[in-house]
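Working notes, beginning with the structure itself.
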Amino acid sequence: MLRVLLLAVLVLAATEAFAATGPRQPAFERDELLAGTTFPFAADTSIAIPSRDDAFGLDAEMLAFVATTAGIRDPHKKLLALLRGMEQRGLFSLDYDETTRTARGTFHDRQGNCLSFTMLFVALARASGLTATFQSVVVPPTWANDGQVVIANHVNTLVRTAFNEQTVVDFNIRDYEGPQKSRKVDDDYALALYYTNVGAEALLRNDYPVSAAHFRAAAGVYPGMAGLWVNLGVLYARQGLLEQAESAYLYALEVDAYAASALANLAVVYRDLGEAELAAEYHARVQKYRERNPYYHFAVATLAYEQGRLPDALAALRKALRLKHDESQFHSLRGQVQQDMGRSSDAAQSFVRAREYLEAENARTRKRIAFDALAVR
């Protein structure tokens with residue numbers, strides 16, 4: 001039996017595998033790329049990389065906090081007590097930001113992103129005696145401009161709450177209803193994801209030595225992470241080292257043939273290298289996938305709605321619904337658009353369909369435990 005505890009979502013870009021005509025082979029070995037000997041900046045060996053304990057460890061105050069659950073034997077009751085204790089302490093009133101923090105940093109700063117909250121919860125849950133495991137989750141894709149930096153995959157926590165029951169604790173920043181594909185991942189994966197996130201954040205600040213150091217650390221722990229290689233490619237591309245960037249993106253595709261950002265960034269690299277045919281092929285195939293993907297049209301509709309372009313939003317939603325008619329959030333947004341356009345009767349029908357499909361989605365996920373008061377916003 002699987003219980004799902006929804007607290008809050010991050011987005012994971014997904015696409016289908018594309019095999020470009022005459023696939024290129026990476027010109028540089030992985031070790032060469034990670035060594036960074038061709039970077040136009042000097043490697044800084046003094047950069048401190050947090051250890052595993054730095055990332056996941058608890059301090060005395062945190063241990064004292066979880067000690068309040070020590071007398072509870074039933075895992076399900078212990079989980080609920082831990083969550084209520086976190087709520088009472090204000091840990092679900094945390095300020096969400098895009099900064100990845102350690103478990104200790106998130107606890108004391110009361111700030112962090114989805115990964116930060118998940119790392120904190122796993123650390124507290126394990127210290128309280130619960131069996132908690134990280135999960136990597138595939139959620140409906142989001143879309144960004146070419147040349148994007150990948151910040152994180154979405155992760156949540158799987159907690160064993162009975163002999164045949166597991167509960168998913170999920171910290172989200174955007175609600176996606178219905179079941180999502182997920183897989184258990186080990187602590188090495190979570191640690192590499194932490195390093196990759198910190199490196200990506202440094203990359204966004206143009207702090208390239210710190211970025212490179214954390215990507216090397218991530219590869220040393222778990223090299224099979226596509227986002228790591230995509231971000232390393234972006235780092236090289238920003239230095240004008242396009243062949244190195246190409247190699248990094250190709251390694252990302254070896255790890256995950258569904259890495260949309262690697263495909264999009266390769267199109268940019270080939271354009272800048274003067275490989276017009278390859279650039280056009282990658283761009284066309286990514287765009288073709290987008291046009292076939294209902295969540296792409298939903299993203300277009302959402303942006304149009306936020307910008308007040310209601311007819312454009314409605315047109316994009318029609319495309320999304322032609323591709324996937326049973327997605328509750330598509331109908332819900334269509335109802336909002338129609339309501340704002342003064343089409344109250346149509347809006348009412350859309351909201352009814354949204355509720356019907358949402359109920360069906362919830363039934364497919366079996367029992368859902370919703371703690372709306374704990375949502376991180």
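Labels used: A, B, ... for chains in the order of the structure tokens, numbers from 1 for residues in each chain, and numbers from 1 for ligands as shown.
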> Where in stretch 194-263 of chain A does DSSP assign helix (DSSP H, G or I), given as a PyMOL selection string?
Replying inline: chain A and resi 194-204+208-221+226-238+242-255+260-263
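Residues surrounding stretch 296-301 of chain A within 7 Å are Thr142, Trp143, Arg290, Asn293, Pro294, Leu303, Ala304, Tyr305, Asp312, Ala313, Leu314, Ala316, Leu317, Lys319, Ala320 and Phe330 of chain A [only C-alpha atoms; sequence separation below 2 positions excluded].
Atom pair atom CA of A:Gly220 / atom CA of A:Tyr258: separated by 22.8 Å.
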Polymer residues at most 10 Å from A:Ala123, only C-alpha atoms, same-chain spacing of 3 or more positions, as a short mmCIF file (atom, residue, chain, number, x, y, z; two decimals) with all heavy atoms, in the first residue's frame:
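Listing of out_31.cif after writing:
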data_model
loop_
_atom_site.label_atom_id
_atom_site.label_comp_id
_atom_site.auth_asym_id
_atom_site.auth_seq_id
_atom_site.Cartn_x
_atom_site.Cartn_y
_atom_site.Cartn_z
N ALA A 55 26.51 17.92 4.45
CA ALA A 55 25.26 18.05 3.68
C ALA A 55 24.07 17.48 4.43
O ALA A 55 23.00 18.09 4.48
CB ALA A 55 25.41 17.37 2.33
N PHE A 56 24.24 16.29 5.03
CA PHE A 56 23.11 15.57 5.59
C PHE A 56 23.06 15.55 7.12
O PHE A 56 22.05 15.18 7.70
CB PHE A 56 23.13 14.11 5.13
CG PHE A 56 23.02 13.93 3.64
CD1 PHE A 56 23.77 12.95 3.01
CD2 PHE A 56 22.18 14.71 2.88
CE1 PHE A 56 23.68 12.76 1.63
CE2 PHE A 56 22.07 14.53 1.51
CZ PHE A 56 22.83 13.56 0.88
N GLY A 57 24.16 15.93 7.78
CA GLY A 57 24.27 15.73 9.22
C GLY A 57 23.39 16.64 10.06
O GLY A 57 22.95 17.71 9.62
N LEU A 58 23.14 16.22 11.31
CA LEU A 58 22.36 16.97 12.27
C LEU A 58 23.27 17.47 13.39
O LEU A 58 24.31 16.88 13.68
CB LEU A 58 21.25 16.10 12.88
CG LEU A 58 19.97 15.88 12.06
CD1 LEU A 58 20.24 15.05 10.83
CD2 LEU A 58 18.90 15.23 12.92
N MET A 62 19.08 19.85 16.54
CA MET A 62 18.22 19.04 15.68
C MET A 62 17.95 17.68 16.31
O MET A 62 16.83 17.16 16.24
CB MET A 62 18.85 18.90 14.30
CG MET A 62 19.03 20.24 13.57
SD MET A 62 20.08 20.12 12.11
CE MET A 62 18.97 19.35 10.94
N LEU A 63 18.97 17.09 16.93
CA LEU A 63 18.79 15.81 17.60
C LEU A 63 17.82 15.94 18.78
O LEU A 63 17.01 15.04 19.03
CB LEU A 63 20.14 15.27 18.07
CG LEU A 63 21.10 14.80 16.96
CD1 LEU A 63 22.47 14.50 17.54
CD2 LEU A 63 20.53 13.58 16.25
N VAL A 66 14.21 15.93 17.34
CA VAL A 66 13.63 14.64 16.96
C VAL A 66 13.48 13.72 18.17
O VAL A 66 12.70 12.75 18.11
CB VAL A 66 14.46 13.95 15.86
CG1 VAL A 66 14.47 14.77 14.60
CG2 VAL A 66 15.87 13.67 16.33
N ALA A 103 21.13 20.22 5.27
CA ALA A 103 20.05 19.95 6.21
C ALA A 103 20.12 20.90 7.40
O ALA A 103 19.10 21.48 7.82
CB ALA A 103 20.12 18.50 6.69
N ARG A 104 21.32 21.10 7.94
CA ARG A 104 21.47 22.02 9.08
C ARG A 104 21.14 23.45 8.67
O ARG A 104 20.49 24.18 9.42
CB ARG A 104 22.90 21.94 9.63
CG ARG A 104 23.16 20.71 10.48
CD ARG A 104 24.50 20.81 11.20
NE ARG A 104 25.62 20.67 10.30
CZ ARG A 104 26.26 19.53 10.05
NH1 ARG A 104 25.88 18.42 10.66
NH2 ARG A 104 27.28 19.49 9.22
N PHE A 117 14.66 21.13 1.53
CA PHE A 117 13.63 20.65 2.45
C PHE A 117 13.64 19.13 2.52
O PHE A 117 13.46 18.54 3.59
CB PHE A 117 12.25 21.13 2.00
CG PHE A 117 12.08 22.62 2.05
CD1 PHE A 117 11.22 23.25 1.16
CD2 PHE A 117 12.75 23.39 2.98
CE1 PHE A 117 11.05 24.63 1.20
CE2 PHE A 117 12.58 24.76 3.03
CZ PHE A 117 11.72 25.38 2.13
N THR A 118 13.83 18.48 1.38
CA THR A 118 13.83 17.02 1.35
C THR A 118 15.02 16.46 2.12
O THR A 118 14.90 15.50 2.89
CB THR A 118 13.85 16.52 -0.10
OG1 THR A 118 12.71 17.04 -0.79
CG2 THR A 118 13.81 15.00 -0.16
N MET A 119 16.20 17.06 1.94
CA MET A 119 17.38 16.63 2.69
C MET A 119 17.16 16.80 4.19
O MET A 119 17.53 15.92 4.99
CB MET A 119 18.60 17.42 2.23
CG MET A 119 19.09 17.06 0.85
SD MET A 119 20.33 18.21 0.18
CE MET A 119 21.59 18.17 1.47
N LEU A 120 16.56 17.91 4.58
CA LEU A 120 16.28 18.14 5.99
C LEU A 120 15.32 17.08 6.52
O LEU A 120 15.56 16.49 7.59
CB LEU A 120 15.67 19.54 6.19
CG LEU A 120 15.11 19.83 7.59
CD1 LEU A 120 16.19 19.74 8.65
CD2 LEU A 120 14.42 21.20 7.61
N ARG A 126 15.21 9.95 9.65
CA ARG A 126 16.12 8.87 10.02
C ARG A 126 16.57 8.97 11.47
O ARG A 126 16.67 7.96 12.18
CB ARG A 126 17.33 8.88 9.09
CG ARG A 126 17.00 8.43 7.66
CD ARG A 126 18.20 8.57 6.74
NE ARG A 126 17.91 8.07 5.41
CZ ARG A 126 18.75 8.18 4.38
NH1 ARG A 126 19.93 8.78 4.54
NH2 ARG A 126 18.42 7.69 3.20
N ALA A 127 16.83 10.18 11.92
CA ALA A 127 17.25 10.36 13.31
C ALA A 127 16.15 9.98 14.28
O ALA A 127 16.42 9.57 15.42
CB ALA A 127 17.68 11.81 13.54
N SER A 128 14.90 10.09 13.84
CA SER A 128 13.78 9.72 14.71
C SER A 128 13.51 8.22 14.70
O SER A 128 12.67 7.74 15.47
CB SER A 128 12.51 10.46 14.27
OG SER A 128 12.00 9.89 13.07
N LEU A 130 12.80 6.45 11.75
CA LEU A 130 12.03 6.05 10.57
C LEU A 130 12.97 5.61 9.45
O LEU A 130 14.10 6.07 9.34
CB LEU A 130 11.17 7.22 10.08
CG LEU A 130 10.01 7.62 10.99
CD1 LEU A 130 9.43 8.96 10.55
CD2 LEU A 130 8.92 6.54 10.99
N ALA A 132 13.67 6.12 5.88
CA ALA A 132 13.36 7.14 4.87
C ALA A 132 14.35 7.02 3.71
O ALA A 132 15.55 6.90 3.92
CB ALA A 132 13.43 8.54 5.48
#
>> Which residue is closest to A:Val198? Choose from A:Met225, A:Ile49, A:Ala264, A:Ala64 and count only C-alpha atoms.
In response: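 Result for the nearest residue to A:Val198: A:Ile49.
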>> Please report the interatomic distance between atom CA of A:Arg322 and atom CA of A:Asn265 in Å with one decimal.
In response: 29.1 Å
>> I want to know what sits within 10 Å of A:Leu33, based on only C-alpha atoms, with residues of the same chain fewer than 6 positions away left out; could you give that as a VMD selection string?
In response: chain A and resid 39 212 216 229 232 to 233 236 244 to 245 247 to 248
Since we have the selection now, will you write its residues out, keeping all heavy atoms, as a tab-separated table (two decimals), in the first residue's frame?
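Result went into out_21.tsv, see below:
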chain	number	residue	atom	x	y	z
A	39	PHE	N	39.96	25.49	-19.07
A	39	PHE	CA	39.22	26.66	-18.61
A	39	PHE	C	40.11	27.90	-18.69
A	39	PHE	O	41.30	27.84	-18.36
A	39	PHE	CB	38.78	26.48	-17.15
A	39	PHE	CG	37.60	25.57	-16.98
A	39	PHE	CD1	37.52	24.75	-15.87
A	39	PHE	CD2	36.57	25.54	-17.90
A	39	PHE	CE1	36.44	23.91	-15.68
A	39	PHE	CE2	35.49	24.69	-17.73
A	39	PHE	CZ	35.42	23.87	-16.62
A	212	ALA	N	32.73	24.91	-11.15
A	212	ALA	CA	33.52	23.78	-11.64
A	212	ALA	C	33.88	22.83	-10.51
A	212	ALA	O	33.82	21.60	-10.66
A	212	ALA	CB	34.79	24.29	-12.33
A	216	ARG	N	32.82	18.82	-10.31
A	216	ARG	CA	33.79	17.74	-10.13
A	216	ARG	C	33.42	16.87	-8.94
A	216	ARG	O	33.51	15.63	-8.99
A	216	ARG	CB	35.19	18.31	-9.95
A	216	ARG	CG	35.87	18.74	-11.24
A	216	ARG	CD	37.35	18.98	-11.02
A	216	ARG	NE	37.61	20.15	-10.20
A	216	ARG	CZ	37.74	21.39	-10.68
A	216	ARG	NH1	37.64	21.60	-11.99
A	216	ARG	NH2	37.97	22.41	-9.89
A	229	TRP	N	26.22	16.91	-16.39
A	229	TRP	CA	26.95	17.10	-17.66
A	229	TRP	C	26.37	18.26	-18.46
A	229	TRP	O	27.11	18.97	-19.13
A	229	TRP	CB	26.92	15.80	-18.46
A	229	TRP	CG	27.63	14.69	-17.75
A	229	TRP	CD1	27.06	13.66	-17.05
A	229	TRP	CD2	29.04	14.55	-17.60
A	229	TRP	NE1	28.04	12.88	-16.49
A	229	TRP	CE2	29.26	13.39	-16.81
A	229	TRP	CE3	30.14	15.27	-18.06
A	229	TRP	CZ2	30.53	12.95	-16.47
A	229	TRP	CZ3	31.42	14.83	-17.71
A	229	TRP	CH2	31.60	13.68	-16.94
A	232	LEU	N	27.82	21.32	-16.82
A	232	LEU	CA	29.23	21.43	-17.17
A	232	LEU	C	29.37	21.95	-18.60
A	232	LEU	O	30.25	22.77	-18.89
A	232	LEU	CB	29.92	20.07	-17.02
A	232	LEU	CG	31.44	20.06	-17.22
A	232	LEU	CD1	32.13	20.92	-16.15
A	232	LEU	CD2	31.97	18.63	-17.17
A	233	GLY	N	28.49	21.49	-19.49
A	233	GLY	CA	28.49	22.00	-20.86
A	233	GLY	C	28.19	23.48	-20.92
A	233	GLY	O	28.81	24.23	-21.69
A	236	TYR	N	31.29	25.38	-19.94
A	236	TYR	CA	32.24	25.49	-21.04
A	236	TYR	C	31.74	26.44	-22.12
A	236	TYR	O	32.52	27.24	-22.68
A	236	TYR	CB	32.50	24.10	-21.64
A	236	TYR	CG	33.60	23.33	-20.96
A	236	TYR	CD1	33.32	22.21	-20.18
A	236	TYR	CD2	34.93	23.73	-21.08
A	236	TYR	CE1	34.33	21.51	-19.55
A	236	TYR	CE2	35.95	23.03	-20.45
A	236	TYR	CZ	35.65	21.92	-19.68
A	236	TYR	OH	36.66	21.23	-19.07
A	244	GLN	N	34.24	21.50	-26.17
A	244	GLN	CA	34.13	20.90	-24.85
A	244	GLN	C	32.67	20.86	-24.40
A	244	GLN	O	32.20	19.88	-23.81
A	244	GLN	CB	34.97	21.68	-23.83
A	244	GLN	CG	36.47	21.50	-23.99
A	244	GLN	CD	37.09	22.52	-24.94
A	244	GLN	OE1	36.41	23.07	-25.81
A	244	GLN	NE2	38.37	22.80	-24.74
A	245	ALA	N	31.94	21.95	-24.68
A	245	ALA	CA	30.52	21.98	-24.33
A	245	ALA	C	29.76	20.88	-25.07
A	245	ALA	O	28.93	20.18	-24.48
A	245	ALA	CB	29.93	23.35	-24.66
A	247	SER	N	30.90	18.03	-26.10
A	247	SER	CA	31.22	16.74	-25.48
A	247	SER	C	30.42	16.53	-24.21
A	247	SER	O	29.89	15.43	-23.96
A	247	SER	CB	32.72	16.67	-25.18
A	247	SER	OG	33.49	16.66	-26.37
A	248	ALA	N	30.33	17.56	-23.39
A	248	ALA	CA	29.58	17.43	-22.14
A	248	ALA	C	28.11	17.13	-22.41
A	248	ALA	O	27.50	16.27	-21.76
A	248	ALA	CB	29.72	18.70	-21.31
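Across the structure, atom CA of A:Phe92 and atom CA of A:Arg110 are spaced 8.6 Å apart.
Candidate residues A:Ile47, A:Phe121, A:Val268, A:Leu310 were compared for distance to A:Arg343, and the nearest is A:Leu310, using only C-alpha atoms.
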Closest pair table for stretch 223-269 of chain A residues within 12 Å of stretch 180-192 of chain A, only C-alpha atoms, as JSON lines:
{"residue": "A:Pro223", "atom": "CA", "partner": "A:Ala192", "partner_atom": "CA", "distance": 8.1}
{"residue": "A:Gly224", "atom": "CA", "partner": "A:Tyr189", "partner_atom": "CA", "distance": 8.7}
{"residue": "A:Met225", "atom": "CA", "partner": "A:Tyr189", "partner_atom": "CA", "distance": 8.1}
{"residue": "A:Ala226", "atom": "CA", "partner": "A:Ala192", "partner_atom": "CA", "distance": 11.2}
{"residue": "A:Gly227", "atom": "CA", "partner": "A:Ala192", "partner_atom": "CA", "distance": 10.2}
{"residue": "A:Leu228", "atom": "CA", "partner": "A:Ala192", "partner_atom": "CA", "distance": 8.4}
{"residue": "A:Trp229", "atom": "CA", "partner": "A:Ala192", "partner_atom": "CA", "distance": 11.8}
Selected residues, C-alpha atoms, written as a PDB file, in the first residue's frame, please.
ATOM      1  CA  PRO A 223      28.667  10.507 -12.551  1.00  0.00           C
ATOM      2  CA  GLY A 224      25.470   9.079 -14.014  1.00  0.00           C
ATOM      3  CA  MET A 225      23.461  12.291 -13.677  1.00  0.00           C
ATOM      4  CA  ALA A 226      22.551  14.037 -16.905  1.00  0.00           C
ATOM      5  CA  GLY A 227      22.035  17.447 -15.276  1.00  0.00           C
ATOM      6  CA  LEU A 228      25.627  17.433 -14.086  1.00  0.00           C
ATOM      7  CA  TRP A 229      26.947  17.096 -17.656  1.00  0.00           C
TER       8      TRP A 229
END
> Looking at only C-alpha atoms, which of A:Leu323, A:Tyr249, A:Thr196, A:Ala202 is the one that sits closest to A:Phe215?
Replying inline: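 Ranking A:Leu323, A:Tyr249, A:Thr196, A:Ala202 by distance to A:Phe215, first place goes to A:Thr196.
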Compile the contact shell of A:Phe163 as a CSV table (one decimal) with C-alpha atoms, in the first residue's frame: residues with an atom at most 12 Å away, counting only C-alpha atoms, same-chain residues fewer than 3 positions apart removed.
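As written to disk, out-v9.csv reads:
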chain,number,residue,atom,x,y,z
A,1,MET,CA,0.0,0.0,0.0
A,2,LEU,CA,1.3,3.4,-0.8
A,74,ASP,CA,4.2,3.0,15.5
A,75,PRO,CA,6.0,4.4,12.3
A,76,HIS,CA,2.9,6.1,10.9
A,131,THR,CA,13.2,4.3,7.4
A,159,VAL,CA,8.9,6.5,4.4
A,160,ARG,CA,8.0,3.0,5.5
A,166,GLN,CA,4.9,3.4,2.4
A,167,THR,CA,4.2,7.1,2.6
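Here the DSSP assignment of strand (DSSP E or B), based on backbone atoms, applies within stretch 17-129 of chain A to Asp95, Tyr96, Gln111 and Gly112 of chain A.
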Please save C-alpha atoms of the selected residues as a compact mmCIF listing (two decimals), in the first residue's frame.
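So result.txt came out as:
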# COMPACT_ATOMS: atom_id res chain seq x y z
CA ASP A 95 10.84 30.91 2.90
CA TYR A 96 11.18 29.08 -0.37
CA GLN A 111 15.12 28.93 3.87
CA GLY A 112 15.86 26.68 0.96
>> Using only C-alpha atoms, can you tell me which of A:Thr302, A:Asn113, A:Thr38, A:Gln338 comes closest to A:Leu235?
In response: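 Ranked by minimum distance to A:Leu235, first place goes to A:Thr38.
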